Amino acid sequence: MGLNIAQKIIEKHLVSGKMLAGEDISIKIDQTLTQDSTGTMAYLQFEAIGIPRVKTEKSVAYIDHNTLQTGFENADDHKYIQTVAKKHGIFFSRPGNGICHQVHLERFGIPGKTLLGSDSHTPTGGGIGMLAIGAGGLDVAVAMGGGAYHLTMPKVKRVNLTGSLKPWVSAKDIILEVLRLMSVKGGVGYVIEYAGEGVRTLSVPERATITNMGAELGATTSVFPSDEITKEFLKAQKRESDWTALFADADAAYDEEITIDLSGLTPLVAKPHMPDNVDTVENTGKIKVDQVFIGSCTNSSYQDMMTVAAVLKGKSVHPDVSLVIGPGSKQVLNMLALNGALADMIDAGARILESACGPCIGMGQSPRTDAVSLRTNNRNFEGRSGTTSAQIYIVSPETAAISAIAGVLTDPRTLGEAPVIALPKEFLINDNMVDAPADSHAGVEVVRGPNIKPFPVNVPLAPDVSGTALIKVGDNITTDHIMPSNAKLLPYRSNIPFLSEFCLVPCDPQFPARAKEHGGGFIIGGANYGQGSSREHAALVPLYLGVKAVIAKSFARIHMANLINSGILPLTFTNESDYDAIDTGDALALDDIRQTIENGGEIILSNRTKGTSLPLSITLSARQREMILAGGLLNYTKLQSEGKE
Ligand code: MIC
Ligand code: SF4
């Protein structure tokens, strides 16, 4: 039996375990990336591990999230990351050079290699044929130190693309269709592998839009083949020597398969407040629009921006609309500036932002109260824009640009002939905003600002665990709920005590105070708890507040790993209906939990308030069990290294 692409890359990188879906495996990581909002923590953890130089083929630290300097905090974090990178062998992409995923695709991604990134949209690299996985900062720190990355061997779902897109329909509409078909939980445990004749009709940036937003499916990652189109892209980036061909074997097996006829797709929209709440633009109707944001790691490539410029050329943005555009990288912005497309955007009335995440993560441009905002980014979770009452619709760059002119949500097919933008034969190459590391770590001073506070480390699991049910939340709670991010909070990513005041506040403003009053306790969650961002702050902050366990119907992959890395028990209801048997404020106990985790056996939760007992489950690999017993990955790593001495 032949292998699919995911299996081929995993086989080449396998360190331990068997390539059978559901088994615990570990793989060698060739490249890592961090961004600043998760990076500060990742490098503090890397320093705590104590390895002088990274052992990867290439590690890059990007500054793209916290680029608003409203105080000293962000600038201090940037200096810390710049100096720690220089010391330990990491390339440093300076603020202004662009969004990590866009720049990595352009300048560093290599087909067939593994990439681990402390950002959930790391799968963007799948567009160039990498196995690119998002993870918590601590996992990335371990990988930088040469440690393997542990994961559950995924199943592989083949998405067979047939036909080709009609004018005005674009890659964003393809991934919105996949989300419509599969939902935000549908990818959990899977790699999504794209195949079929339709693949050949898509450029690398278009493929990257699709793999990027595969994160919203909950998938481990998404991947495209590496073919002649990949080669052309790398050639245009003057990196042809990085190309290798990568295809699934003709007789490769897949766990599941779906087919999408590209020629049958029409412009789509994800309505508030979930990326899988998908409908056609046509059905959704001509909603009045207040703001349009075109950018983010999903849709900020040269091709996207040129398409937008062509739509805007010679027109004016509707007077009731604020149009903001953030080109994805310095390369893109510079090329637009040189060829006049930037002038077309400015002339039409667009507000140009620096190449960074910006509005996507609520770093500025929060819409007005109750506003309708059309955005080309990947997440429309409630409040993520910085305005809780805003209604965020996710659309393609084409739909966004045309709607900005019309002032209402508009199907781009009504505009006449669509612009056809080919990829340039040569991109503008100038890596002068990427700093190479020092040759040796000796003598490089790491600069730490006063905002950098120590991070919490757990203690070994106690024999019995008890506490109060501090909060009970519903399904699909995101890490944006657990640890919100916006212009006010992002500067404090290296200050866990400060962030703890905002934990789960979108669900219940009293949560932090209640957690403190009770000295910690339990969180009760619904299905897919912790979807979205990879931020491990969504585990570190509850840890700081004394949370011992999260009991949910099910968990999202990265968040569950982050909970285990922090030594917090991720427990699931054996019978989902038992979710109804716990209320906020109930006194809960897990007697003999340490022994049960050590030896196996049924976990029983006593609800002392109600006088009931509920069976719970936990899915842990052997290594994760040791981590939970030790009180998290750092303690576990220390125990391991003591054992070796
Ligand atoms: C996001 O899109 O939510 C972020 C901000 O990029 C996060 C990382 C973070 O919270 O810092 C992600 O996707 O992992
Ligand atoms: Fe940045 Fe938004 Fe992409 Fe996250 S999703 S990396 S915040 S642009």
# chains A, B, ... in the order shown; residues from 1 in each chain; ligands from 1
$ residues_near_ligand --ligand "ligand 1" --cutoff "9 Å" --atoms "only C-alpha atoms and all ligand atoms" --output "PyMOL selection string"
chain A and resi 35-39+65+117-122+134-136+215+296-297+357+360-361+377-379+384+479-480+483-485+490+493+532-538
$ residues_around --residues "stretch 277-284 of chain A" --least-positions-apart "3" --cutoff "10 Å" --atoms "only C-alpha atoms" --output "mmCIF file with N, CA and C atoms, in the first residue's frame"
data_model
loop_
_atom_site.group_PDB
_atom_site.id
_atom_site.type_symbol
_atom_site.label_atom_id
_atom_site.label_comp_id
_atom_site.auth_asym_id
_atom_site.auth_seq_id
_atom_site.Cartn_x
_atom_site.Cartn_y
_atom_site.Cartn_z
ATOM 1 N N ASP A 173 -13.197 31.094 -0.747
ATOM 2 C CA ASP A 173 -14.498 30.428 -0.888
ATOM 3 C C ASP A 173 -14.341 28.909 -0.804
ATOM 4 N N LEU A 176 -14.013 28.141 2.905
ATOM 5 C CA LEU A 176 -15.321 28.355 3.560
ATOM 6 C C LEU A 176 -16.268 27.197 3.241
ATOM 7 N N GLU A 177 -16.173 26.682 2.023
ATOM 8 C CA GLU A 177 -16.995 25.519 1.665
ATOM 9 C C GLU A 177 -16.576 24.293 2.506
ATOM 10 N N VAL A 178 -15.259 24.105 2.673
ATOM 11 C CA VAL A 178 -14.793 22.978 3.495
ATOM 12 C C VAL A 178 -15.316 23.141 4.928
ATOM 13 N N LEU A 179 -15.282 24.369 5.434
ATOM 14 C CA LEU A 179 -15.804 24.617 6.790
ATOM 15 C C LEU A 179 -17.302 24.357 6.871
ATOM 16 N N ARG A 180 -18.005 24.737 5.818
ATOM 17 C CA ARG A 180 -19.457 24.499 5.789
ATOM 18 C C ARG A 180 -19.724 22.987 5.860
ATOM 19 N N LEU A 181 -18.903 22.226 5.112
ATOM 20 C CA LEU A 181 -19.116 20.779 5.065
ATOM 21 C C LEU A 181 -18.675 20.077 6.353
ATOM 22 N N SER A 183 -17.454 21.674 9.578
ATOM 23 C CA SER A 183 -17.652 22.397 10.849
ATOM 24 C C SER A 183 -16.337 22.625 11.591
ATOM 25 N N VAL A 184 -16.404 23.458 12.623
ATOM 26 C CA VAL A 184 -15.182 23.815 13.370
ATOM 27 C C VAL A 184 -14.633 22.651 14.206
ATOM 28 N N LEU A 265 -18.670 26.344 -7.095
ATOM 29 C CA LEU A 265 -18.666 27.244 -5.925
ATOM 30 C C LEU A 265 -19.068 28.665 -6.302
ATOM 31 N N THR A 266 -19.693 29.351 -5.352
ATOM 32 C CA THR A 266 -20.023 30.777 -5.524
ATOM 33 C C THR A 266 -19.413 31.522 -4.339
ATOM 34 N N PRO A 267 -19.363 32.856 -4.362
ATOM 35 C CA PRO A 267 -18.789 33.594 -3.224
ATOM 36 C C PRO A 267 -19.532 33.266 -1.923
ATOM 37 N N LEU A 268 -18.756 32.971 -0.879
ATOM 38 C CA LEU A 268 -19.338 32.541 0.400
ATOM 39 C C LEU A 268 -18.981 33.533 1.501
ATOM 40 N N VAL A 269 -19.669 33.402 2.617
ATOM 41 C CA VAL A 269 -19.433 34.271 3.769
ATOM 42 C C VAL A 269 -19.636 33.444 5.037
ATOM 43 N N ALA A 270 -18.754 33.658 6.048
ATOM 44 C CA ALA A 270 -18.999 33.056 7.371
ATOM 45 C C ALA A 270 -19.626 34.142 8.229
ATOM 46 N N LYS A 271 -20.822 33.897 8.671
ATOM 47 C CA LYS A 271 -21.575 34.917 9.405
ATOM 48 C C LYS A 271 -21.187 34.896 10.890
ATOM 49 N N PRO A 272 -21.545 35.940 11.643
ATOM 50 C CA PRO A 272 -21.196 35.961 13.071
ATOM 51 C C PRO A 272 -21.759 34.720 13.770
ATOM 52 N N HIS A 273 -21.061 34.180 14.723
ATOM 53 C CA HIS A 273 -19.767 34.480 15.281
ATOM 54 C C HIS A 273 -18.865 33.247 15.183
ATOM 55 N N MET A 274 -19.037 32.439 14.116
ATOM 56 C CA MET A 274 -18.209 31.238 13.969
ATOM 57 C C MET A 274 -17.795 31.068 12.501
ATOM 58 N N ILE A 287 -26.412 43.453 3.231
ATOM 59 C CA ILE A 287 -26.329 44.048 4.576
ATOM 60 C C ILE A 287 -25.485 45.315 4.521
ATOM 61 N N ASN A 380 -14.014 34.857 13.353
ATOM 62 C CA ASN A 380 -14.982 35.924 13.654
ATOM 63 C C ASN A 380 -15.625 35.710 15.015
ATOM 64 N N TYR A 393 -18.223 39.407 9.622
ATOM 65 C CA TYR A 393 -18.472 38.457 8.523
ATOM 66 C C TYR A 393 -17.144 38.190 7.821
ATOM 67 N N ILE A 394 -16.825 36.901 7.620
ATOM 68 C CA ILE A 394 -15.568 36.565 6.937
ATOM 69 C C ILE A 394 -15.850 36.351 5.455
ATOM 70 N N VAL A 395 -15.086 37.050 4.609
ATOM 71 C CA VAL A 395 -15.311 36.982 3.159
ATOM 72 C C VAL A 395 -13.975 36.945 2.414
ATOM 73 N N THR A 399 -14.856 39.906 -2.478
ATOM 74 C CA THR A 399 -16.129 40.345 -1.898
ATOM 75 C C THR A 399 -15.901 41.560 -1.003
ATOM 76 N N LEU A 409 -22.912 44.515 1.664
ATOM 77 C CA LEU A 409 -22.357 43.214 1.258
ATOM 78 C C LEU A 409 -22.783 42.949 -0.187
ATOM 79 N N THR A 410 -21.787 42.700 -1.043
ATOM 80 C CA THR A 410 -22.091 42.606 -2.475
ATOM 81 C C THR A 410 -21.429 41.377 -3.088
ATOM 82 N N ASP A 411 -22.191 40.664 -3.871
ATOM 83 C CA ASP A 411 -21.652 39.517 -4.589
ATOM 84 C C ASP A 411 -20.742 40.042 -5.705
ATOM 85 N N PRO A 412 -19.445 39.698 -5.677
ATOM 86 C CA PRO A 412 -18.531 40.300 -6.662
ATOM 87 C C PRO A 412 -18.901 39.964 -8.102
ATOM 88 N N ARG A 413 -19.657 38.901 -8.299
ATOM 89 C CA ARG A 413 -19.999 38.515 -9.676
ATOM 90 C C ARG A 413 -20.866 39.563 -10.360
#
$ residues_around --residues "stretch 344-347 of chain A" --least-positions-apart "6" --cutoff "12 Å" --atoms "only C-alpha atoms" --output "list in words"
Ile294, Met305, Met306, Thr307, Val308, Ala309, Ala310, Val311, Leu312, Lys313, Gly314, Lys315, Ser316, Val317, Leu323, Val324, Ile325, Gly326, Pro327, Leu333, Leu336, Ala337, Leu338, Leu353, Ala401, Ala404 and Ile405 of chain A
$ atom_distance --atom1 "atom CA of A:Asn74" --atom2 "atom 3 (Fe, counted along the ligand's line) of ligand 2"
18.1 Å
$ select_by_dssp --residues "stretch 352-440 of chain A" --states "strand (DSSP E)" --output "PyMOL selection string"
chain A and resi 352+372-375+391-394+434-435
$ residues_around --residues "A:Gly189" --least-positions-apart "3" --cutoff "7 Å" --atoms "only C-alpha atoms" --output "PyMOL selection string"
chain A and resi 154-155+219-220
$ closest_residue --among "A:Val465, A:Ala356, A:Ala348, A:Ile551" --to "ligand 2" --atoms "only C-alpha atoms and all ligand atoms"
A:Ala356
$ select_by_dssp --residues "stretch 459-570 of chain A" --states "alpha helix (DSSP H)" --output "ChimeraX atom specification"
/A:479-482,496-499,511-517,537-544,557-565
$ closest_residue --among "A:Ala208, A:Val188, A:Leu629, A:Met363" --to "ligand 2" --atoms "only C-alpha atoms and all ligand atoms"
A:Met363
$ closest_residue --among "A:Gly186, A:Pro52, A:Gly147, A:Gly163" --to "A:Gln531" --atoms "only C-alpha atoms"
A:Gly186
$ closest_residue --among "A:Asp580, A:Gly519, A:Leu217, A:Thr298" --to "A:Asn476" --atoms "only C-alpha atoms"
A:Leu217
$ residues_around --residues "A:Thr584" --least-positions-apart "5" --cutoff "9 Å" --atoms "only C-alpha atoms" --output "list in words"
Thr468, Ala469, Leu470, Ile471, Lys472, Ile523 and Ile524 of chain A
$ write_last_selection --atoms "N, CA, C and O atoms" --output "PDB file, in the first residue's frame"
ATOM      1  N   THR A 468     -14.125  23.783  43.921  1.00  0.00           N
ATOM      2  CA  THR A 468     -15.452  24.237  43.505  1.00  0.00           C
ATOM      3  C   THR A 468     -15.559  24.266  41.984  1.00  0.00           C
ATOM      4  O   THR A 468     -14.568  24.559  41.310  1.00  0.00           O
ATOM      5  N   ALA A 469     -16.760  23.998  41.447  1.00  0.00           N
ATOM      6  CA  ALA A 469     -17.006  24.237  40.020  1.00  0.00           C
ATOM      7  C   ALA A 469     -17.107  25.757  39.860  1.00  0.00           C
ATOM      8  O   ALA A 469     -18.095  26.370  40.257  1.00  0.00           O
ATOM      9  N   LEU A 470     -16.043  26.347  39.314  1.00  0.00           N
ATOM     10  CA  LEU A 470     -15.937  27.811  39.315  1.00  0.00           C
ATOM     11  C   LEU A 470     -16.766  28.456  38.214  1.00  0.00           C
ATOM     12  O   LEU A 470     -17.145  29.620  38.305  1.00  0.00           O
ATOM     13  N   ILE A 471     -17.004  27.710  37.150  1.00  0.00           N
ATOM     14  CA  ILE A 471     -17.737  28.253  36.003  1.00  0.00           C
ATOM     15  C   ILE A 471     -18.231  27.081  35.167  1.00  0.00           C
ATOM     16  O   ILE A 471     -17.594  26.020  35.144  1.00  0.00           O
ATOM     17  N   LYS A 472     -19.359  27.272  34.502  1.00  0.00           N
ATOM     18  CA  LYS A 472     -19.837  26.248  33.570  1.00  0.00           C
ATOM     19  C   LYS A 472     -20.139  26.954  32.248  1.00  0.00           C
ATOM     20  O   LYS A 472     -20.946  27.882  32.212  1.00  0.00           O
ATOM     21  N   ILE A 523     -13.065  23.916  36.061  1.00  0.00           N
ATOM     22  CA  ILE A 523     -13.819  24.567  34.977  1.00  0.00           C
ATOM     23  C   ILE A 523     -14.668  23.485  34.327  1.00  0.00           C
ATOM     24  O   ILE A 523     -14.163  22.386  34.049  1.00  0.00           O
ATOM     25  N   ILE A 524     -15.937  23.777  34.062  1.00  0.00           N
ATOM     26  CA  ILE A 524     -16.812  22.814  33.398  1.00  0.00           C
ATOM     27  C   ILE A 524     -17.101  23.325  31.984  1.00  0.00           C
ATOM     28  O   ILE A 524     -17.609  24.440  31.815  1.00  0.00           O
TER      29      ILE A 524
END
$ residues_around --residues "A:Thr574" --least-positions-apart "2" --cutoff "9 Å" --atoms "only C-alpha atoms" --output "MDAnalysis selection string"
chainID A and resid 553 572 576:578 614:617
$ closest_residue --among "A:Met1, A:Ile110, A:Met41, A:Ala487" --to "ligand 2" --atoms "only C-alpha atoms and all ligand atoms"
A:Ala487
$ atom_distance --atom1 "atom CA of A:Gly146" --atom2 "atom CA of A:Ala85"
15.8 Å
